[in-house]
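Pasting query34.csv here (CSV, C-alpha atoms and all ligand atoms):
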```csv
chain,number,residue,atom,x,y,z
A,1,MET,CA,4.2,2.5,-1.8
A,2,SER,CA,5.9,2.2,-5.1
A,3,GLY,CA,4.8,3.3,-8.5
A,4,PHE,CA,5.4,-0.1,-9.9
A,5,SER,CA,2.2,-1.5,-8.6
A,6,LYS,CA,0.1,0.9,-10.6
A,7,LYS,CA,1.3,-0.8,-13.8
A,8,TRP,CA,-0.2,-4.1,-12.5
A,9,ARG,CA,-3.4,-2.7,-11.1
A,10,PRO,CA,-5.6,-3.0,-14.2
A,11,TRP,CA,-4.6,-6.7,-14.5
A,12,VAL,CA,-5.3,-7.2,-10.8
A,13,LEU,CA,-8.7,-5.6,-11.1
A,14,LEU,CA,-9.5,-7.6,-14.2
A,15,LEU,CA,-8.5,-10.9,-12.5
A,16,ALA,CA,-10.3,-9.9,-9.4
A,17,GLY,CA,-13.4,-9.2,-11.5
A,18,ILE,CA,-13.1,-12.5,-13.3
A,19,ALA,CA,-12.7,-14.3,-9.9
A,20,GLY,CA,-15.6,-12.4,-8.5
A,21,PHE,CA,-17.8,-13.3,-11.5
A,22,ALA,CA,-16.8,-16.9,-11.2
A,23,LEU,CA,-17.7,-16.9,-7.5
A,24,LEU,CA,-21.0,-15.2,-8.1
A,25,SER,CA,-22.0,-17.4,-11.0
A,26,GLY,CA,-21.6,-20.7,-9.4
A,27,GLY,CA,-18.9,-20.6,-6.7
A,28,CYS,CA,-21.4,-21.9,-4.1
A,29,ALA,CA,-22.7,-25.4,-4.8
A,30,ALA,CA,-25.9,-24.7,-2.9
A,31,LYS,CA,-27.0,-21.1,-2.4
A,32,LYS,CA,-28.9,-20.5,0.7
A,33,PRO,CA,-30.7,-17.2,1.6
A,34,TRP,CA,-29.5,-15.2,4.5
A,35,LYS,CA,-30.8,-16.6,7.8
A,36,PRO,CA,-30.1,-16.2,11.5
A,37,PRO,CA,-28.0,-19.0,12.8
A,38,VAL,CA,-29.5,-21.8,14.8
A,39,GLN,CA,-26.4,-22.1,17.0
A,40,GLN,CA,-25.6,-18.7,18.6
A,41,LYS,CA,-22.2,-19.5,20.2
A,42,PRO,CA,-20.1,-21.7,18.1
A,43,ALA,CA,-16.7,-22.8,19.3
A,44,HIS,CA,-14.7,-20.6,16.9
A,45,PRO,CA,-15.2,-22.3,13.5
A,46,VAL,CA,-12.4,-20.3,11.9
A,47,PRO,CA,-8.8,-21.5,12.7
A,48,GLU,CA,-7.9,-18.8,15.2
A,49,LYS,CA,-4.1,-19.2,15.0
A,50,LYS,CA,-4.0,-18.5,11.3
A,51,PHE,CA,-6.2,-15.4,11.2
A,52,GLU,CA,-6.6,-14.2,14.7
A,53,LEU,CA,-8.1,-10.8,15.3
A,54,PRO,CA,-6.0,-8.3,17.1
A,55,PRO,CA,-6.4,-7.6,20.8
A,56,PRO,CA,-8.3,-4.5,21.8
A,57,PRO,CA,-6.5,-1.1,21.7
A,58,GLY,CA,-4.3,-0.5,24.6
A,59,THR,CA,-3.0,-4.1,24.9
A,60,THR,CA,0.5,-5.0,24.0
A,61,LEU,CA,0.6,-5.6,20.2
A,62,GLU,CA,4.2,-4.6,20.1
A,63,THR,CA,5.3,-7.1,22.8
A,64,ARG,CA,4.1,-10.1,20.9
A,65,PRO,CA,6.8,-12.2,19.2
A,66,LEU,CA,7.2,-11.1,15.6
A,67,HIS,CA,5.8,-14.2,14.1
A,68,GLU,CA,2.6,-13.7,16.0
A,69,ARG,CA,2.2,-10.0,15.0
A,70,ILE,CA,-1.1,-9.0,13.3
A,71,ILE,CA,-1.2,-6.1,11.0
A,72,ARG,CA,-4.5,-4.3,10.7
A,73,VAL,CA,-5.1,-2.9,7.2
A,74,LEU,CA,-7.9,-0.6,6.2
A,75,LEU,CA,-9.5,-2.1,3.1
A,76,THR,CA,-12.0,0.6,2.1
A,77,LEU,CA,-12.6,4.3,2.2
A,78,PRO,CA,-15.6,5.0,4.4
A,79,VAL,CA,-18.6,3.6,2.5
A,80,LYS,CA,-22.3,3.1,3.0
A,81,SER,CA,-22.4,-0.5,2.2
A,82,ILE,CA,-19.8,-3.4,1.9
A,83,ALA,CA,-20.4,-6.5,-0.2
A,84,VAL,CA,-19.1,-9.8,1.1
A,85,ASP,CA,-19.1,-13.2,-0.6
A,86,GLY,CA,-18.3,-16.7,0.6
A,87,CYS,CA,-19.4,-20.3,0.9
A,88,PRO,CA,-20.5,-20.1,3.6
A,89,ILE,CA,-19.9,-16.8,5.2
A,90,ARG,CA,-20.5,-16.0,8.8
A,91,VAL,CA,-21.0,-12.8,10.8
A,92,TRP,CA,-20.0,-12.5,14.4
A,93,LYS,CA,-20.2,-9.8,17.1
A,94,GLU,CA,-16.9,-8.7,18.6
A,95,ASP,CA,-17.5,-11.0,21.6
A,96,GLY,CA,-17.6,-14.0,19.2
A,97,THR,CA,-21.4,-14.5,19.1
A,98,LEU,CA,-22.5,-15.7,15.7
A,99,VAL,CA,-25.2,-13.5,14.3
A,100,ALA,CA,-25.6,-14.5,10.7
A,101,GLU,CA,-24.7,-17.2,8.3
A,102,SER,CA,-25.2,-17.3,4.5
A,103,THR,CA,-23.8,-18.5,1.2
A,104,GLY,CA,-23.2,-16.3,-1.8
A,105,THR,CA,-23.2,-12.5,-1.8
A,106,PHE,CA,-24.8,-10.1,0.8
A,107,SER,CA,-24.1,-6.7,2.2
A,108,LEU,CA,-23.4,-5.0,5.4
A,109,THR,CA,-24.9,-1.5,5.4
A,110,ALA,CA,-24.5,1.5,7.7
A,111,ASP,CA,-27.8,2.5,9.2
A,112,GLY,CA,-27.2,5.5,11.4
A,113,SER,CA,-24.7,4.5,14.0
A,114,ARG,CA,-25.6,0.8,13.6
A,115,ILE,CA,-24.8,-1.9,11.0
A,116,ARG,CA,-27.5,-3.7,9.2
A,117,VAL,CA,-27.0,-7.3,7.9
A,118,GLY,CA,-30.0,-9.2,6.6
A,119,GLY,CA,-32.9,-8.2,8.9
A,120,MET,CA,-30.6,-7.7,11.9
A,121,HIS,CA,-29.1,-4.5,13.3
A,122,SER,CA,-25.9,-4.4,15.4
A,123,ASP,CA,-24.8,-1.6,17.6
A,124,GLY,CA,-21.1,-2.6,17.7
A,125,SER,CA,-18.6,-3.7,15.1
A,126,LEU,CA,-19.1,-7.0,13.3
A,127,ASP,CA,-16.6,-9.6,12.0
A,128,VAL,CA,-17.3,-11.3,8.8
A,129,GLY,CA,-15.4,-14.3,7.5
A,130,SER,CA,-15.2,-17.9,6.6
A,131,ALA,CA,-13.1,-21.0,7.1
A,132,ALA,CA,-12.9,-21.2,3.3
A,133,SER,CA,-12.1,-18.5,0.8
A,134,PHE,CA,-14.2,-15.4,0.9
A,135,SER,CA,-14.1,-11.8,-0.4
A,136,VAL,CA,-14.8,-8.5,1.2
A,137,ALA,CA,-15.2,-5.3,-1.0
A,138,GLY,CA,-13.8,-7.2,-3.9
A,139,ARG,CA,-10.6,-8.5,-2.1
A,140,LYS,CA,-10.1,-12.2,-1.8
A,141,PHE,CA,-9.0,-13.9,1.4
A,142,PRO,CA,-8.1,-17.6,1.8
A,143,ALA,CA,-9.8,-17.8,5.2
A,144,GLY,CA,-10.2,-15.7,8.3
A,145,ARG,CA,-12.1,-12.6,9.3
A,146,VAL,CA,-12.5,-8.9,8.4
A,147,ARG,CA,-13.8,-6.5,10.9
A,148,VAL,CA,-16.5,-4.0,9.8
A,149,VAL,CA,-16.7,-0.8,11.9
A,150,ASN,CA,-19.4,1.9,11.7
A,151,ARG,CA,-17.5,5.3,11.9
A,152,GLN,CA,-20.0,8.2,11.9
A,153,GLY,CA,-22.5,6.6,9.6
A,154,LYS,CA,-20.1,5.1,7.2
A,155,LEU,CA,-18.5,1.6,7.2
A,156,LEU,CA,-14.8,0.7,7.3
A,157,ALA,CA,-13.6,-2.8,6.6
A,158,ILE,CA,-10.4,-3.7,8.4
A,159,ALA,CA,-8.4,-6.9,7.6
A,160,ALA,CA,-6.3,-8.4,10.4
A,161,ILE,CA,-3.5,-10.2,8.7
A,162,PRO,CA,-0.6,-12.2,10.2
A,163,LEU,CA,2.6,-10.4,9.5
A,164,GLU,CA,4.3,-12.9,7.3
A,165,GLU,CA,1.1,-13.4,5.2
A,166,TYR,CA,0.9,-9.6,4.8
A,167,VAL,CA,4.6,-9.4,3.6
A,168,ALA,CA,4.0,-12.0,0.8
A,169,ALA,CA,0.7,-10.3,-0.2
A,170,VAL,CA,2.3,-6.8,-0.3
A,171,LEU,CA,5.3,-8.1,-2.3
A,172,SER,CA,2.9,-9.5,-4.9
A,173,ARG,CA,1.6,-6.0,-5.6
A,174,GLU,CA,4.7,-3.9,-5.0
A,175,ALA,CA,7.3,-6.0,-6.8
A,176,SER,CA,7.6,-7.6,-10.2
A,177,PRO,CA,7.4,-11.4,-10.3
A,178,SER,CA,10.3,-11.3,-12.6
A,179,PHE,CA,12.7,-9.8,-10.0
A,180,GLN,CA,15.6,-11.8,-8.8
A,181,PRO,CA,15.2,-13.7,-5.5
A,182,ALA,CA,17.7,-11.5,-3.7
A,183,ALA,CA,15.8,-8.3,-4.8
A,184,LEU,CA,12.5,-9.8,-3.6
A,185,ALA,CA,14.1,-10.9,-0.3
A,186,ALA,CA,15.5,-7.4,0.3
A,187,LEU,CA,12.1,-5.9,-0.4
A,188,ALA,CA,10.4,-8.4,1.9
A,189,VAL,CA,12.6,-7.1,4.8
A,190,ALA,CA,11.7,-3.5,3.9
A,191,VAL,CA,7.9,-4.4,3.7
A,192,ARG,CA,8.0,-6.2,7.0
A,193,THR,CA,10.0,-3.4,8.7
A,194,TYR,CA,7.7,-0.7,7.4
A,195,ALA,CA,4.7,-2.7,8.7
A,196,VAL,CA,6.1,-3.2,12.2
A,197,ASN,CA,7.2,0.4,12.3
A,198,GLY,CA,3.7,1.5,11.3
A,199,ALA,CA,1.9,-0.8,13.7
A,200,ALA,CA,3.9,0.7,16.6
A,201,LYS,CA,2.3,4.1,15.6
A,202,PRO,CA,-1.1,3.2,14.2
A,203,ARG,CA,-2.8,5.5,11.8
A,204,ASP,CA,-6.1,5.1,13.7
A,205,PRO,CA,-7.2,3.3,16.8
A,206,ALA,CA,-9.0,0.8,14.6
A,207,TYR,CA,-6.2,0.1,12.1
A,208,ASP,CA,-2.4,0.3,11.6
A,209,LEU,CA,-1.9,0.9,7.9
A,210,LEU,CA,-3.8,2.0,4.7
A,211,ASN,CA,-4.0,-0.5,1.8
A,212,GLY,CA,-2.7,1.9,-0.9
A,213,VAL,CA,0.4,3.7,-2.0
A,214,ASP,CA,0.4,6.0,1.0
A,215,ASP,CA,1.5,2.9,3.0
A,216,GLN,CA,1.9,-0.3,1.1
A,217,VAL,CA,-0.3,-1.8,-1.5
A,218,PHE,CA,-2.4,-4.7,0.0
A,219,ASP,CA,-5.0,-6.1,-2.4
A,220,GLY,CA,-5.9,-9.5,-1.0
A,221,PHE,CA,-4.4,-12.9,-1.6
A,222,ASP,CA,-5.0,-13.8,-5.2
A,223,ARG,CA,-1.9,-13.9,-7.4
A,224,VAL,CA,0.5,-14.2,-4.4
A,225,PHE,CA,2.9,-16.3,-6.4
A,226,PRO,CA,5.4,-18.8,-4.9
A,227,GLN,CA,8.4,-16.5,-5.4
A,228,PHE,CA,6.8,-13.8,-3.1
A,229,ARG,CA,6.1,-16.4,-0.4
A,230,ALA,CA,9.6,-17.7,-0.8
A,231,ALA,CA,11.1,-14.2,-0.2
A,232,ALA,CA,9.0,-13.8,2.9
A,233,LEU,CA,10.0,-17.2,4.2
A,234,GLU,CA,13.7,-16.7,3.5
A,235,THR,CA,13.7,-13.5,5.6
A,236,ARG,CA,11.1,-14.6,8.1
A,237,GLY,CA,11.0,-12.3,11.1
A,238,LEU,CA,14.0,-10.2,10.0
A,239,LEU,CA,13.8,-6.4,10.4
A,240,LEU,CA,16.0,-3.5,9.8
A,241,TRP,CA,16.8,-1.8,13.1
A,242,SER,CA,18.1,1.7,13.9
A,243,GLY,CA,19.2,1.7,17.5
A,244,ASP,CA,16.5,-0.2,19.4
A,245,ALA,CA,13.6,0.6,17.0
A,246,PRO,CA,12.5,-0.8,13.6
A,247,ALA,CA,13.6,1.6,10.9
A,248,ARG,CA,11.3,3.5,8.7
A,249,ALA,CA,12.0,1.4,5.6
A,250,ASN,CA,10.6,3.5,2.7
A,251,TYR,CA,11.1,2.2,-0.8
A,252,HIS,CA,10.2,3.2,-4.3
A,253,SER,CA,10.2,1.9,-7.9
A,254,THR,CA,13.1,3.6,-9.6
A,255,CYS,CA,15.5,6.3,-8.3
A,256,GLY,CA,16.9,7.3,-11.7
A,257,GLY,CA,20.5,7.3,-10.6
A,258,ARG,CA,20.6,8.6,-7.0
A,259,THR,CA,18.2,8.1,-4.1
A,260,GLU,CA,16.8,11.1,-2.3
A,261,SER,CA,17.2,11.8,1.4
A,262,ALA,CA,14.2,11.9,3.7
A,263,ALA,CA,15.4,15.3,4.8
A,264,ASP,CA,15.1,16.8,1.3
A,265,ALA,CA,12.0,14.8,0.3
A,266,TRP,CA,9.9,15.4,3.5
A,267,GLY,CA,11.9,17.8,5.7
A,268,LYS,CA,12.5,15.1,8.3
A,269,PRO,CA,15.9,13.5,8.5
A,270,TYR,CA,16.6,9.8,9.3
A,271,PRO,CA,20.2,8.7,9.7
A,272,TYR,CA,19.7,5.8,7.3
A,273,LEU,CA,17.4,7.5,4.7
A,274,VAL,CA,20.2,9.5,3.1
A,275,SER,CA,21.0,9.9,-0.6
A,276,VAL,CA,23.1,7.1,-2.1
A,277,PRO,CA,24.2,6.5,-5.7
A,278,CYS,CA,22.5,3.8,-7.7
A,279,ASP,CA,23.8,2.6,-11.0
A,280,ASP,CA,21.6,-0.4,-11.1
A,281,CYS,CA,18.1,0.8,-12.1
A,282,ARG,CA,18.8,1.5,-15.8
A,283,GLU,CA,16.6,-1.5,-16.8
A,284,SER,CA,13.5,0.0,-15.3
A,285,PRO,CA,10.9,1.0,-17.9
A,286,ALA,CA,10.7,4.3,-15.9
A,287,TYR,CA,14.4,5.0,-15.9
A,288,ARG,CA,13.8,7.8,-18.4
A,289,TRP,CA,10.3,9.0,-19.4
A,290,GLU,CA,8.6,11.9,-21.0
A,291,TYR,CA,5.2,13.4,-20.4
A,292,ARG,CA,3.3,15.9,-22.6
A,293,MET,CA,1.2,18.2,-20.6
A,294,THR,CA,-1.6,20.2,-22.3
A,295,LEU,CA,-2.3,23.9,-21.6
A,296,ASP,CA,-5.7,23.0,-20.1
A,297,GLU,CA,-4.1,20.5,-17.8
A,298,GLY,CA,-1.5,23.0,-16.7
A,299,LYS,CA,-4.2,25.6,-16.0
A,300,ARG,CA,-6.2,23.0,-14.0
A,301,ILE,CA,-3.1,22.2,-11.9
A,302,ALA,CA,-2.4,25.9,-11.4
A,303,GLN,CA,-5.9,26.5,-10.3
A,304,GLY,CA,-5.6,23.7,-7.7
A,305,LEU,CA,-2.4,25.4,-6.4
A,306,GLY,CA,-4.3,28.7,-6.0
A,307,LEU,CA,-3.5,30.6,-9.3
A,308,ARG,CA,-6.3,31.5,-11.7
A,309,ALA,CA,-4.3,30.8,-14.8
A,310,ARG,CA,-4.8,32.1,-18.4
A,311,ASP,CA,-3.4,31.0,-21.7
A,312,ASP,CA,-0.1,32.8,-20.8
A,313,LEU,CA,0.6,30.4,-18.0
A,314,LYS,CA,4.3,29.7,-17.3
A,315,ILE,CA,5.6,26.8,-15.3
A,316,GLU,CA,9.2,26.6,-14.2
A,317,VAL,CA,11.4,24.8,-11.7
A,318,VAL,CA,13.0,27.4,-9.4
A,319,SER,CA,14.9,25.3,-6.9
A,320,LYS,CA,16.2,21.7,-6.7
A,321,SER,CA,17.4,19.4,-4.0
A,322,PRO,CA,21.1,18.4,-4.0
A,323,THR,CA,20.2,15.3,-6.0
A,324,GLY,CA,18.7,17.4,-8.8
A,325,ARG,CA,15.0,16.7,-7.9
A,326,ALA,CA,12.7,19.7,-8.3
A,327,ALA,CA,11.9,21.3,-4.9
A,328,ARG,CA,9.9,24.4,-5.8
A,329,ILE,CA,7.8,25.3,-8.8
A,330,LEU,CA,6.9,28.8,-10.0
A,331,LEU,CA,3.6,29.4,-11.8
A,332,SER,CA,2.9,32.7,-13.4
A,333,SER,CA,0.0,34.1,-15.4
A,334,GLY,CA,-1.4,37.6,-16.0
A,335,GLY,CA,1.3,39.2,-13.9
A,336,VAL,CA,0.5,37.0,-10.8
A,337,THR,CA,2.9,34.4,-9.5
A,338,ARG,CA,2.5,31.5,-7.2
A,339,GLU,CA,5.3,29.3,-5.8
A,340,ALA,CA,4.5,25.8,-4.7
A,341,ALA,CA,6.2,22.6,-3.5
A,342,ALA,CA,7.2,20.5,-6.6
A,343,SER,CA,5.6,17.5,-4.8
A,344,ALA,CA,2.2,19.4,-4.8
A,345,PHE,CA,2.6,20.1,-8.5
A,346,ARG,CA,3.3,16.3,-9.1
A,347,GLN,CA,0.3,15.3,-7.0
A,348,GLY,CA,-1.9,17.8,-9.0
A,349,ALA,CA,-0.6,16.4,-12.3
A,350,GLY,CA,-1.0,12.8,-11.2
A,351,THR,CA,1.9,10.7,-9.9
A,352,THR,CA,1.6,8.2,-12.7
A,353,LYS,CA,2.0,10.9,-15.3
A,354,VAL,CA,4.8,13.0,-13.6
A,355,LYS,CA,6.5,9.9,-12.3
A,356,SER,CA,9.1,11.6,-10.2
A,357,LEU,CA,10.6,15.0,-9.3
A,358,MET,CA,13.8,14.4,-11.2
A,359,ILE,CA,12.4,16.5,-14.1
A,360,GLU,CA,13.0,19.3,-16.6
A,361,ILE,CA,10.0,21.3,-17.8
A,362,ASP,CA,10.1,22.8,-21.3
A,363,ARG,CA,7.5,24.7,-23.3
A,364,ALA,CA,6.3,22.6,-26.2
A,365,GLY,CA,3.6,23.9,-28.5
A,366,ASN,CA,0.7,25.2,-26.4
A,367,GLY,CA,1.7,23.0,-23.5
A,368,TRP,CA,4.8,21.5,-21.9
A,369,LYS,CA,7.2,18.7,-22.4
A,370,ILE,CA,8.2,17.2,-19.0
A,371,THR,CA,11.2,14.9,-19.2
A,372,GLY,CA,12.1,12.9,-16.2
A,373,LYS,CA,14.1,10.0,-14.6
A,374,GLY,CA,12.8,7.5,-12.1
A,375,TYR,CA,9.5,6.6,-10.6
A,376,GLY,CA,8.4,7.4,-7.0
A,377,HIS,CA,9.7,9.7,-4.2
A,378,GLY,CA,13.2,8.2,-4.5
A,379,VAL,CA,13.7,7.7,-0.7
A,380,GLY,CA,15.2,4.4,0.7
A,381,LEU,CA,15.4,1.2,-1.4
A,382,CYS,CA,15.2,1.5,-5.2
A,383,GLN,CA,13.4,-1.6,-6.3
A,384,TRP,CA,14.8,-1.8,-9.9
A,385,GLY,CA,18.2,-0.9,-8.4
A,386,SER,CA,17.9,-3.9,-6.1
A,387,ASP,CA,17.1,-6.1,-9.0
A,388,GLY,CA,20.1,-4.7,-10.8
A,389,MET,CA,22.3,-5.4,-7.8
A,390,ALA,CA,20.9,-8.9,-7.6
A,391,HIS,CA,21.8,-9.5,-11.2
A,392,ARG,CA,25.3,-8.5,-10.4
A,393,GLY,CA,25.4,-11.2,-7.7
A,394,ARG,CA,24.8,-9.1,-4.6
A,395,SER,CA,22.9,-10.7,-1.7
A,396,TYR,CA,19.8,-9.2,-0.1
A,397,GLN,CA,21.9,-8.3,2.9
A,398,GLU,CA,24.3,-6.2,0.7
A,399,ILE,CA,21.3,-4.6,-1.1
A,400,LEU,CA,19.8,-3.5,2.3
A,401,GLU,CA,23.2,-2.2,3.5
A,402,HIS,CA,23.5,-0.1,0.4
A,403,TYR,CA,20.1,1.5,0.5
A,404,TYR,CA,19.7,1.8,4.3
A,405,PRO,CA,23.2,2.5,5.4
A,406,GLY,CA,23.9,2.1,9.2
A,407,THR,CA,20.9,-0.1,9.9
A,408,ARG,CA,21.2,-3.5,11.5
A,409,LEU,CA,19.5,-6.7,10.1
A,410,SER,CA,18.1,-8.8,13.0
A,411,ALA,CA,15.1,-10.6,14.2
A,412,GLY,CA,15.3,-8.7,17.5
A,413,ALA,CA,16.3,-5.3,18.9
A,414,SER,CA,19.6,-6.6,20.4
B,501,ZN,ZN,18.0,3.3,-8.5
```

Could you render the structure from this file as structure tokens?
Ligand SMILES: [Zn+2]
Amino acid sequence: MSGFSKKWRPWVLLLAGIAGFALLSGGCAAKKPWKPPVQQKPAHPVPEKKFELPPPPGTTLETRPLHERIIRVLLTLPVKSIAVDGCPIRVWKEDGTLVAESTGTFSLTADGSRIRVGGMHSDGSLDVGSAASFSVAGRKFPAGRVRVVNRQGKLLAIAAIPLEEYVAAVLSREASPSFQPAALAALAVAVRTYAVNGAAKPRDPAYDLLNGVDDQVFDGFDRVFPQFRAAALETRGLLLWSGDAPARANYHSTCGGRTESAADAWGKPYPYLVSVPCDDCRESPAYRWEYRMTLDEGKRIAQGLGLRARDDLKIEVVSKSPTGRAARILLSSGGVTREAAASAFRQGAGTTKVKSLMIEIDRAGNGWKITGKGYGHGVGLCQWGSDGMAHRGRSYQEILEHYYPGTRLSAGAS
């Protein structure tokens, strides 16, 4: 969800690549070629309690006790083929029948409406996994299973992750390991609440959440350092409630001095996602930033927003939200004008370049100088602000009260 994780992603990819190479170049003591299993119906070789698959759609996910909740996360965009690696790795049908067993790397491939693995075809979904560590589409798991679904000739990989494991793994990508324990604990509650809120309204019948910034960054289980697990454990099972429902606990990297209301950011009000002052995120590397946009880049963004721009392109902010964030942008060229949502302009430019909407746009040479404050949409908890509050001795409960006013912290609805 936050912009912070992007800073870490090259390192994550590098480490994942190194881990993957190590695995491929000798992780398995004795590599065996793919073969059909001798035993067709094993008695669940994977510890079911730790990484249990979710019940079928329509059953009561939301009535399970929180500590038994499973969050289903989409791992890949629809792809033709998914590589898996493990020692050993097994493939099951949804009914638990073992259909393949191998060591090392192999692929599951979409073949029309079926899934091909080795020389075998399956009409339904397949579960791949191991009792030891394994990887799917480059993401590492300590044990468990990942479901592979054929959706209109392309494969989706969906990890089913116990809630508390998911919270620690998301923290490891969304937060800095250098954050104070109280800041990590506050974010753990936000991550857990966001996940439970999302699972109550799944994005798709097959999965609850995406694995990227549109929901929360989940990138497997390598580098889930002890402080992230400690934050999940300290707040185990705690959610933020609004009335009798888990809150929509959005968060972001750095607000730049004042958070944004959901009403102004997205046109949808929530009583606890209101604008609050934040004097604690000044230590963020993105508290103030500057981006130089070239003329060609501006023309490309304008084109994407429906204006065929020439060299005389003008870009200006024409309206702002009450917190000073750009709301509407006016583009003009050759006597033609086009107004667009500032968020669409930010998306067009790239959200890691134009880090927030708290911006001023000035002409500079042939292009523009964009000066800004903060990183992310600005709604809900400010991560760097939380860390600042924690440095001032505030507890995670006080941090949550500040950024989500009016919510109740509890393990249950009542
Ligand atoms: Zn802030």

What does the distance between CA of Ile161 (chain A) and CA of Val73 (chain A) come to in Å, to one decimal place?
->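 So the answer is 7.6 Å.
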
Of A:Met120, A:Ile70, A:Ala200, A:Ala232, the one nearest to Lys93 (chain A) when counting all atoms listed in the file is A:Met120

Let me have all residues with an atom within 8 Å of ligand ZN 501 (chain B), counting all atoms listed in the file, laid out as a VMD selection string.
-> chain A and resid 253 to 259 277 to 282 374 378 381 to 386

Shortest interatomic distance to Ala230 (chain A) - which of A:Glu165, A:Glu339, A:Asp215, A:Glu290, counting only C-alpha atoms = A:Glu165

Separation of CA of Met293 (chain A) from CA of Ala344 (chain A), in Å and rounded to one decimal = 15.9 Å

For Ala390 (chain A), which residue among A:Glu174, A:Leu184, A:Gly86, A:Ala159 is the nearest when counting only C-alpha atoms?
-> A:Leu184

Mind checking which residues fall within 12 Å of Ala262 (chain A), counting only C-alpha atoms, ignoring those fewer than 5 positions away in the same chain, and posting them as an MDAnalysis selection string?
-> chainID A and resid 248:251 267:276 321 323 377:381 404

Can you tell me how far CA of Leu209 (chain A) sits from CA of Asp222 (chain A), in Å to one decimal?
->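 Separation between CA of Leu209 (chain A) and CA of Asp222 (chain A): 19.9 Å.
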
Using all atoms listed in the file, which of A:Pro162, A:Gly406, A:Pro181, A:Gly138 sits nearest His391 (chain A)?
-> A:Pro181

Residue nearest Pro202 (chain A) among A:Phe345, A:Tyr403, A:Gly372, A:Ile71 (counting all atoms listed in the file) = A:Ile71

Find, counting only C-alpha atoms, the residue in A:Gly118, A:Gly124, A:Gly412, A:Gly198 that gets nearest to Leu239 (chain A).
->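 Selected residue with least distance to Leu239 (chain A): A:Gly412.
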
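Residue neighbourhood of Leu313 (chain A), excluding near-sequence residues (fewer than 5 positions): Leu295, Gly298, Lys299, Leu331, Ser332, Ser333 and Gly334 of chain A, at 8 Å, using all atoms listed in the file.
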
So which residues touch Leu108 (chain A) within 12 Å, counting only C-alpha atoms, skipping near sequence neighbours fewer than 2 positions away, as a PyMOL selection string?
-> chain A and resi 34+79-85+90-91+100+105-106+110-111+114-122+125-128+136-137+146-150+154-157

Please write as an MDAnalysis selection string the list of polymer residues whose atoms come within 7 Å of (-14.1, -18.5, 8.0), counting only C-alpha atoms and keeping to the coordinates of the file.
-> chainID A and resid 45:46 89:90 129:132 143:145
